[in-house]
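Next comes query.cif, with mmCIF, C-alpha atoms.
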```cif
data_target
#
loop_
_atom_site.label_atom_id
_atom_site.label_comp_id
_atom_site.auth_asym_id
_atom_site.auth_seq_id
_atom_site.Cartn_x
_atom_site.Cartn_y
_atom_site.Cartn_z
CA SER A 1 104.68 81.61 62.31
CA GLY A 2 102.49 84.25 60.68
CA ILE A 3 99.31 85.62 62.16
CA TRP A 4 98.87 82.61 64.46
CA THR A 5 101.78 83.69 66.64
CA THR A 6 101.02 87.42 66.78
CA ARG A 7 100.10 89.03 70.06
CA ARG A 8 96.80 90.43 68.79
CA PHE A 9 95.61 87.08 67.44
CA ASN A 10 96.35 85.36 70.74
CA VAL A 11 94.67 88.10 72.76
CA ALA A 12 91.53 87.81 70.62
CA ALA A 13 91.59 84.00 70.84
CA VAL A 14 91.89 84.00 74.62
CA ALA A 15 89.10 86.56 74.89
CA ILE A 16 86.71 84.53 72.72
CA LEU A 17 87.57 81.03 73.95
CA ALA A 18 88.19 81.67 77.66
CA ALA A 19 87.49 85.17 79.00
CA TYR A 20 84.03 85.49 77.47
CA PRO A 21 82.68 82.06 78.61
CA LEU A 22 83.99 82.65 82.13
CA SER A 23 82.45 86.12 82.25
CA CYS A 24 79.06 84.64 81.33
CA LEU A 25 78.96 82.63 84.57
CA LYS A 26 76.40 83.83 87.09
CA SER A 27 77.91 82.19 90.18
CA LEU A 28 81.43 82.59 91.54
CA ALA A 29 81.25 79.09 93.01
CA ALA A 30 81.73 77.64 89.53
CA ILE A 31 85.24 79.10 89.26
CA ALA A 32 86.51 77.99 92.67
CA PRO A 33 89.08 75.66 90.99
CA VAL A 34 90.44 78.63 89.04
CA SER A 35 90.92 80.53 92.28
CA ILE A 36 92.84 77.58 93.72
CA VAL A 37 95.07 77.51 90.62
CA GLY A 38 95.71 81.23 91.12
CA VAL A 39 96.78 80.73 94.74
CA VAL A 40 99.05 77.83 93.77
CA GLY A 41 100.46 79.93 90.92
CA ILE A 42 101.39 82.76 93.27
CA PHE A 43 103.31 80.48 95.62
CA VAL A 44 105.02 78.66 92.74
CA THR A 45 106.02 82.06 91.33
CA CYS A 46 107.50 83.06 94.68
CA ILE A 47 109.55 79.86 94.82
CA VAL A 48 110.80 80.09 91.21
CA MET A 49 111.70 83.77 91.51
CA THR A 50 113.55 83.10 94.76
CA LEU A 51 115.61 80.33 93.16
CA ARG A 52 116.42 82.52 90.16
CA ALA A 53 117.54 85.38 92.43
CA LEU A 54 120.07 83.30 94.36
CA PRO A 55 123.77 84.23 93.89
CA GLY A 56 125.20 82.48 90.88
CA GLY A 57 121.74 81.72 89.52
CA ALA A 58 120.57 81.90 85.93
CA TYR A 59 119.93 85.63 86.10
CA SER A 60 122.36 86.84 88.77
CA SER A 61 124.09 90.14 88.09
CA THR A 62 127.51 88.68 88.89
CA THR A 63 127.03 85.92 86.37
CA ALA A 64 125.81 88.41 83.76
CA ALA A 65 128.90 90.56 84.31
CA ALA A 66 131.18 87.53 84.06
CA ILE A 67 129.59 86.43 80.80
CA ALA A 68 129.81 89.96 79.37
CA ALA A 69 133.50 90.13 80.29
CA ALA A 70 134.14 86.69 78.79
CA ALA A 71 132.36 87.67 75.57
CA ALA A 72 134.38 90.89 75.32
CA GLY A 73 137.59 88.91 75.76
CA GLY A 74 136.57 86.25 73.27
CA GLY A 75 136.02 83.59 75.91
CA GLY A 76 132.99 81.52 76.81
CA GLY A 77 130.54 82.01 79.59
CA SER A 78 128.98 79.63 82.04
CA VAL A 79 127.08 76.90 80.20
CA ALA A 80 124.50 76.69 82.98
CA THR A 81 123.40 80.29 82.60
CA LYS A 82 124.53 81.41 79.16
CA ASN A 83 121.47 80.08 77.36
CA TYR A 84 119.03 82.04 79.56
CA LEU A 85 120.94 85.31 79.33
CA SER A 86 121.64 85.09 75.61
CA SER A 87 117.95 84.55 74.90
CA LEU A 88 116.89 87.74 76.72
CA SER A 89 116.23 90.95 74.85
CA ALA A 90 118.58 93.85 75.60
CA GLU A 91 116.07 95.65 77.83
CA CYS A 92 115.61 92.55 80.00
CA ILE A 93 119.30 91.92 80.80
CA PRO A 94 119.93 92.47 84.55
CA SER A 95 121.14 96.02 85.14
CA PHE A 96 122.53 97.36 88.41
CA GLY A 97 124.26 100.65 89.24
CA VAL A 98 123.60 102.15 85.80
CA VAL A 99 120.54 104.37 86.24
CA GLY A 100 119.30 105.48 89.63
CA MET A 101 115.83 106.60 90.55
CA ARG A 102 114.92 109.23 87.97
CA SER A 103 112.74 111.23 90.33
CA PRO A 104 111.12 110.85 93.78
CA ARG A 105 107.87 111.27 91.88
CA SER A 106 108.43 107.74 90.57
CA PHE A 107 107.07 106.52 93.89
CA LEU A 108 103.66 107.61 92.60
CA ILE A 109 103.96 104.99 89.85
CA LEU A 110 104.80 102.35 92.44
CA SER A 111 101.84 103.32 94.63
CA SER A 112 99.56 103.18 91.59
CA MET A 113 100.76 99.69 90.64
CA ALA A 114 100.51 98.48 94.24
CA ALA A 115 96.89 99.64 94.43
CA THR A 116 95.84 97.09 91.80
CA ALA A 117 96.54 94.32 94.30
CA PHE A 118 93.63 95.56 96.43
CA LEU A 119 90.97 96.17 93.78
CA VAL A 120 88.39 93.76 95.20
CA HIS A 121 86.13 96.17 97.05
CA MET A 122 83.37 95.85 94.46
CA SER A 123 83.30 92.07 95.00
CA GLY A 124 83.01 92.43 98.79
CA PRO A 125 79.24 91.78 98.97
CA GLU A 126 79.61 88.66 96.85
CA PHE A 127 82.41 87.34 99.07
CA TYR A 128 80.32 88.06 102.17
CA ASN A 129 77.25 86.27 100.80
CA THR A 130 79.26 83.20 99.79
CA LEU A 131 80.87 82.86 103.24
CA ARG A 132 79.92 79.84 105.30
CA ARG A 133 77.96 81.23 108.27
CA PRO A 134 78.37 84.85 107.07
CA SER A 135 78.87 87.48 109.77
CA LEU A 136 80.69 90.78 110.04
CA ALA A 137 83.24 89.21 112.39
CA ARG A 138 84.06 86.37 109.99
CA PHE A 139 84.14 88.77 107.04
CA GLY A 140 86.52 91.02 108.98
CA ILE A 141 88.87 88.08 109.58
CA LEU A 142 88.69 87.12 105.90
CA SER A 143 89.45 90.69 104.81
CA GLY A 144 92.34 91.07 107.24
CA LEU A 145 93.96 87.79 106.24
CA GLY A 146 93.38 88.41 102.54
CA PHE A 147 94.72 91.96 102.41
CA GLY A 148 97.59 91.14 104.75
CA ALA A 149 98.67 88.16 102.65
CA VAL A 150 98.39 90.13 99.40
CA ALA A 151 100.48 92.99 100.80
CA SER A 152 103.20 90.63 102.02
CA ILE A 153 103.36 88.59 98.82
CA SER A 154 103.35 91.70 96.62
CA ALA A 155 106.22 93.25 98.57
CA TYR A 156 108.18 89.97 98.42
CA ILE A 157 107.75 89.46 94.66
CA MET A 158 108.63 93.10 93.99
CA SER A 159 111.80 92.79 96.08
CA VAL A 160 112.95 89.48 94.60
CA GLY A 161 112.26 90.72 91.07
CA PHE A 162 114.36 93.83 91.64
CA LEU A 163 117.19 91.84 93.21
CA THR A 164 117.23 89.70 90.07
CA PHE A 165 116.90 92.28 87.28
CA GLY A 166 117.48 95.66 88.92
CA GLY A 167 116.69 98.59 86.65
CA ALA A 168 115.68 96.24 83.83
CA CYS A 169 112.47 95.13 85.59
CA ARG A 170 109.50 95.14 83.23
CA GLY A 171 106.01 96.26 84.13
CA MET A 172 105.01 92.57 84.29
CA ILE A 173 107.99 90.96 85.99
CA LEU A 174 107.45 87.49 84.48
CA ASN A 175 108.13 89.05 81.06
CA ASN A 176 111.76 89.50 82.15
CA TYR A 177 112.43 85.77 82.28
CA SER A 178 113.63 83.78 79.30
CA THR A 179 111.19 81.76 77.22
CA LEU A 180 113.67 78.91 77.66
CA ASP A 181 113.16 79.01 81.44
CA GLY A 182 110.80 76.13 82.22
CA GLY A 183 110.03 77.37 85.73
CA ALA A 184 109.12 80.85 84.52
CA THR A 185 106.98 79.35 81.74
CA LEU A 186 105.06 77.33 84.33
CA CYS A 187 104.54 80.49 86.38
CA ARG A 188 103.22 82.34 83.32
CA LEU A 189 100.78 79.50 82.63
CA LEU A 190 99.46 79.40 86.19
CA MET A 191 99.19 83.18 86.46
CA GLY A 192 97.46 83.26 83.07
CA VAL A 193 94.80 80.90 84.37
CA SER A 194 94.46 83.06 87.48
CA LEU A 195 94.04 86.23 85.41
CA LEU A 196 91.38 84.56 83.31
CA GLY A 197 89.53 83.59 86.47
CA SER A 198 89.65 87.19 87.66
CA TYR A 199 87.61 88.17 84.60
CA ALA A 200 84.62 86.40 86.12
CA PHE A 201 85.04 88.13 89.50
CA LEU A 202 85.51 91.62 88.09
CA GLY A 203 83.01 91.10 85.30
CA GLN A 204 80.28 90.08 87.70
CA ALA A 205 80.91 93.11 89.92
CA MET A 206 80.93 95.44 86.89
CA LYS A 207 77.69 94.01 85.54
CA LYS A 208 75.92 94.25 88.88
CA ALA A 209 76.93 97.89 89.16
CA TYR A 210 75.75 98.49 85.60
CA TYR A 211 72.38 96.85 86.26
CA HIS A 212 71.95 98.82 89.47
CA ILE A 213 72.63 102.14 87.74
CA PHE A 214 70.87 101.69 84.40
CA HIS A 215 68.31 98.93 85.04
CA ARG A 216 67.36 99.42 88.67
CA GLY A 217 64.29 97.43 89.66
CA GLN A 218 64.25 95.43 86.42
CA GLU A 219 64.66 91.70 86.19
CA VAL A 220 67.92 90.76 84.51
CA SER A 221 67.05 88.34 81.73
CA ASP A 222 69.50 85.88 80.20
CA LYS A 223 69.46 87.94 77.01
CA MET A 224 70.41 91.13 78.90
CA HIS A 225 73.10 89.26 80.82
CA ILE A 226 74.71 87.91 77.64
CA ARG A 227 74.48 91.23 75.82
CA THR A 228 76.06 93.11 78.71
CA THR A 229 78.82 90.53 79.02
CA ARG A 230 79.63 90.82 75.34
CA GLY A 231 79.84 94.58 75.66
CA PHE A 232 82.23 94.54 78.62
CA VAL A 233 84.48 91.80 77.22
CA GLY A 234 84.49 93.50 73.81
CA VAL A 235 85.60 96.85 75.23
CA LEU A 236 88.30 95.28 77.41
CA THR A 237 89.58 93.13 74.56
CA GLY A 238 89.72 96.18 72.29
CA LEU A 239 91.85 98.00 74.84
CA ALA A 240 94.11 94.95 75.23
CA LEU A 241 94.66 94.89 71.47
CA LEU A 242 95.65 98.55 71.41
CA VAL A 243 97.76 98.84 74.57
CA GLU A 244 100.77 96.52 74.81
CA ASP A 245 102.55 97.88 77.91
CA ALA A 246 101.19 95.88 80.84
CA GLY A 247 102.98 98.15 83.30
CA PHE A 248 101.15 101.19 81.93
CA VAL A 249 97.79 99.43 82.25
CA VAL A 250 98.53 98.31 85.80
CA SER A 251 99.74 101.72 86.96
CA VAL A 252 96.93 103.75 85.39
CA THR A 253 94.29 101.29 86.58
CA GLY A 254 95.75 101.40 90.07
CA ALA A 255 95.96 105.19 90.08
CA VAL A 256 92.42 105.86 88.90
CA LEU A 257 90.35 102.88 90.03
CA GLY A 258 92.55 102.07 93.00
CA SER A 259 92.31 105.55 94.44
CA ALA A 260 88.56 105.67 93.80
CA LEU A 261 87.80 102.29 95.37
CA ILE A 262 90.34 102.33 98.19
CA TYR A 263 90.26 105.94 99.39
CA ILE A 264 87.41 107.93 97.86
CA THR A 265 84.31 105.74 97.57
CA PRO A 266 84.39 104.04 101.02
CA SER A 267 85.06 107.37 102.72
CA TYR A 268 82.26 109.07 100.81
CA LEU A 269 79.82 106.28 101.68
CA PHE A 270 80.82 106.53 105.34
CA LEU A 271 80.22 110.28 105.39
CA ARG A 272 76.82 109.93 103.71
CA SER A 273 75.78 107.04 105.94
CA THR A 274 76.75 108.70 109.22
CA LYS A 275 75.13 111.98 108.13
CA ARG A 276 71.84 110.23 107.35
CA ARG A 277 71.84 108.25 110.61
CA THR A 278 72.66 111.27 112.77
CA ASP A 279 69.89 113.25 111.06
CA ASN A 280 67.26 110.61 111.83
CA GLY A 281 68.55 110.09 115.37
CA SER A 282 69.76 106.50 114.96
CA LEU A 283 73.37 107.55 115.53
CA GLU A 284 74.68 109.89 118.20
CA TRP A 285 77.25 112.59 117.51
CA THR A 286 80.40 111.86 119.50
CA ASN A 287 83.94 113.18 119.44
CA MET A 288 85.09 109.85 118.00
CA LEU A 289 82.55 110.09 115.19
CA LYS A 290 83.66 113.63 114.41
CA LEU A 291 87.28 112.45 114.27
CA GLU A 292 86.35 109.55 111.98
CA ARG A 293 84.48 111.86 109.62
CA TRP A 294 87.42 114.26 109.54
CA LEU A 295 89.86 111.43 108.77
CA ASN A 296 87.60 110.20 105.97
CA ARG A 297 87.62 113.66 104.40
CA VAL A 298 91.42 113.53 104.51
CA LEU A 299 91.32 110.14 102.76
CA ILE A 300 89.14 111.57 99.99
CA VAL A 301 91.60 114.40 99.38
CA LEU A 302 94.50 111.91 99.48
CA GLY A 303 92.71 109.65 97.00
CA VAL A 304 92.13 112.49 94.54
CA PHE A 305 95.78 113.53 94.78
CA LEU A 306 97.14 109.98 94.34
CA GLY A 307 94.75 109.26 91.49
CA LEU A 308 95.54 112.33 89.41
CA SER A 309 99.26 112.46 90.13
CA GLY A 310 99.69 108.69 89.74
CA ALA A 311 97.96 108.67 86.35
CA TYR A 312 100.03 111.67 85.23
CA MET A 313 103.31 110.01 86.24
CA SER A 314 102.30 106.72 84.61
CA VAL A 315 101.75 108.48 81.29
CA LEU A 316 105.13 110.23 81.59
CA ASN A 317 106.90 106.98 82.49
CA SER A 318 105.46 105.09 79.53
CA PHE A 319 105.44 107.71 76.76
CA PHE A 320 107.60 110.67 77.85
CA ARG A 321 110.30 109.06 79.98
CA HIS A 322 112.82 111.75 79.02
CA LEU A 323 110.79 114.25 81.04
CA LEU A 324 111.29 112.36 84.31
#
```

What does the file become when written as structure tokens?
Amino acid sequence: SGIWTTRRFNVAAVAILAAYPLSCLKSLAAIAPVSIVGVVGIFVTCIVMTLRALPGGAYSSTTAAAIAAAAAGGGGGSVATKNYLSSLSAECIPSFGVVGMRSPRSFLILSSMAATAFLVHMSGPEFYNTLRRPSLARFGILSGLGFGAVASISAYIMSVGFLTFGGACRGMILNNYSTLDGGATLCRLLMGVSLLGSYAFLGQAMKKAYYHIFHRGQEVSDKMHIRTTRGFVGVLTGLALLVEDAGFVVSVTGAVLGSALIYITPSYLFLRSTKRRTDNGSLEWTNMLKLERWLNRVLIVLGVFLGLSGAYMSVLNSFFRHLL
């Protein structure tokens, strides 16, 4: 009890004892076991969520309705599921057929959240360099398998979560499950380890970009590396202490960074690269190239639209829901 169990204390403790040391690592190879734990955690989460979504399960809507009816009539509910449901907060109780989609614009929030699953573009060079026998062909296979698997798993978890909790789904779906649910607790633990490992991946990419912009051509000393790491972890931890809604963080991050990294930046680099190569004669203008450049301009416009509108809708959904 007391300060030791508060959210802010635990966030600060995790940042100091785990996130910061991991972010200080200079090689991604050192956190390979963490990546394996993350993969295992995702599959365990899929299995647990599937079992919980089965008819008559601990969180099924039919069971929730039966327990509510029994409670209203003074009777008892199912012993197998009553403990889980009674330990949930009111906003986490499964809810179906109560509130429909508030607005078609809500799809912008979904697209923003989905974009966070693909925010690895900045780590692409590092993944390529750490490949065994690196080549564009092998990197293409890795990218295709990775993005394809992530898209499939994300869609599956989103579907199973909605089939379990309906309109009561939280921004971070594992927060819906009872603290008495051992399977869900295991999933939280595994995914927590995975999220900590992601600090090292994202932190390394952020620091490399920072060095390239502000310290180009300079040798990165250990002192500079540590100081930069402290700055990044400090800022992120400060934001984590202030913002409690994980769904808001995910949607805004996906809207702004996702749109920039997925649609805008690659397309802009392609346009600049092809323009430079055609100017110096190393690339020939063809109808296919003109079509590709036109499509990349469309992607830039799409990215700007999704980024701005997605961020706007995320703010409304989290702080001004009555306006939706």

Handout entry: Given all atoms listed in the file as the counted atoms, nearest of A:Leu271, A:Leu316, A:Leu51, A:Leu119 to A:Asn296
Key = A:Leu271

Handout entry: Non-local contacts of A:His225 (9 Å; all atoms listed in the file; under 6 positions in same chain excluded) as number ranges by chain
Key = A: 24, 26, 207

Restricting it to C-alpha atoms, dump the selection as a short mmCIF file (atom, residue, chain, number, x, y, z; two decimals), keeping the file's coordinate frame.
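selection_20.cif, freshly written:
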```
data_model
loop_
_atom_site.label_atom_id
_atom_site.label_comp_id
_atom_site.auth_asym_id
_atom_site.auth_seq_id
_atom_site.Cartn_x
_atom_site.Cartn_y
_atom_site.Cartn_z
CA CYS A 24 79.06 84.64 81.33
CA LYS A 26 76.40 83.83 87.09
CA LYS A 207 77.69 94.01 85.54
#
```

Exercise for the section: Please provide the set of residues having any atom within 12 Å of stretch 138-149 of chain A, restricted to all atoms listed in the file, with same-chain residues fewer than 6 positions apart removed, written as a ChimeraX atom specification. Expected result: /A:39,42-43,114-121,123-132,155-156

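Selection check: the PyMOL selection byres ((chain A and resi 178-190) around 7) on the shown file gives Val37, Gly38, Gly41, Val44, Thr45, Val48, Tyr84, Ser87, Leu88, Leu174, Asn176, Tyr177, Met191, Gly192, Val193 and Ser194 of chain A.
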
How would the residues just chosen look if you wrote them out with C-alpha atoms as a CSV table (one decimal), in the coordinates of the input?
```
chain,number,residue,atom,x,y,z
A,37,VAL,CA,95.1,77.5,90.6
A,38,GLY,CA,95.7,81.2,91.1
A,41,GLY,CA,100.5,79.9,90.9
A,44,VAL,CA,105.0,78.7,92.7
A,45,THR,CA,106.0,82.1,91.3
A,48,VAL,CA,110.8,80.1,91.2
A,84,TYR,CA,119.0,82.0,79.6
A,87,SER,CA,118.0,84.6,74.9
A,88,LEU,CA,116.9,87.7,76.7
A,174,LEU,CA,107.4,87.5,84.5
A,176,ASN,CA,111.8,89.5,82.2
A,177,TYR,CA,112.4,85.8,82.3
A,191,MET,CA,99.2,83.2,86.5
A,192,GLY,CA,97.5,83.3,83.1
A,193,VAL,CA,94.8,80.9,84.4
A,194,SER,CA,94.5,83.1,87.5
```

Exercise for the section: Expand the PyMOL selection byres ((chain A and resi 196) around 12) into the individual residues it matches in the shown file, reporting them as an MDAnalysis selection string. Expected result: chainID A and resid 11 14:23 31 33:35 37:38 189:195 197:203 233

Exercise for the section: Counting all atoms listed in the file, figure out which residue out of A:Trp4, A:Ala12, A:Val256, A:Ser135 gets nearest to A:Thr237. Expected result: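 Going through A:Trp4, A:Ala12, A:Val256, A:Ser135 one by one, the smallest distance to A:Thr237 is for A:Ala12.
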
Would you pick out the contacts of A:Met172 at 7 Å or less, using only C-alpha atoms, so that residues sharing its chain but fewer than 2 positions from it are not included, and give the list as an mmCIF file with C-alpha atoms, in the frame of the given file?
```
data_model
loop_
_atom_site.group_PDB
_atom_site.id
_atom_site.type_symbol
_atom_site.label_atom_id
_atom_site.label_comp_id
_atom_site.auth_asym_id
_atom_site.auth_seq_id
_atom_site.Cartn_x
_atom_site.Cartn_y
_atom_site.Cartn_z
ATOM 1 C CA ARG A 170 109.500 95.140 83.230
ATOM 2 C CA LEU A 174 107.450 87.490 84.480
ATOM 3 C CA ASN A 175 108.130 89.050 81.060
ATOM 4 C CA ALA A 246 101.190 95.880 80.840
ATOM 5 C CA GLY A 247 102.980 98.150 83.300
#
```

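Here atom CA of A:Phe214 stands at a distance of 28.0 Å from atom CA of A:Ala311.
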
Completion exercise
If you count only C-alpha atoms, the residue of A:Cys92, A:Leu283, A:Ala260, A:Met49 closest to A:Leu299 turns out to be A:Ala260
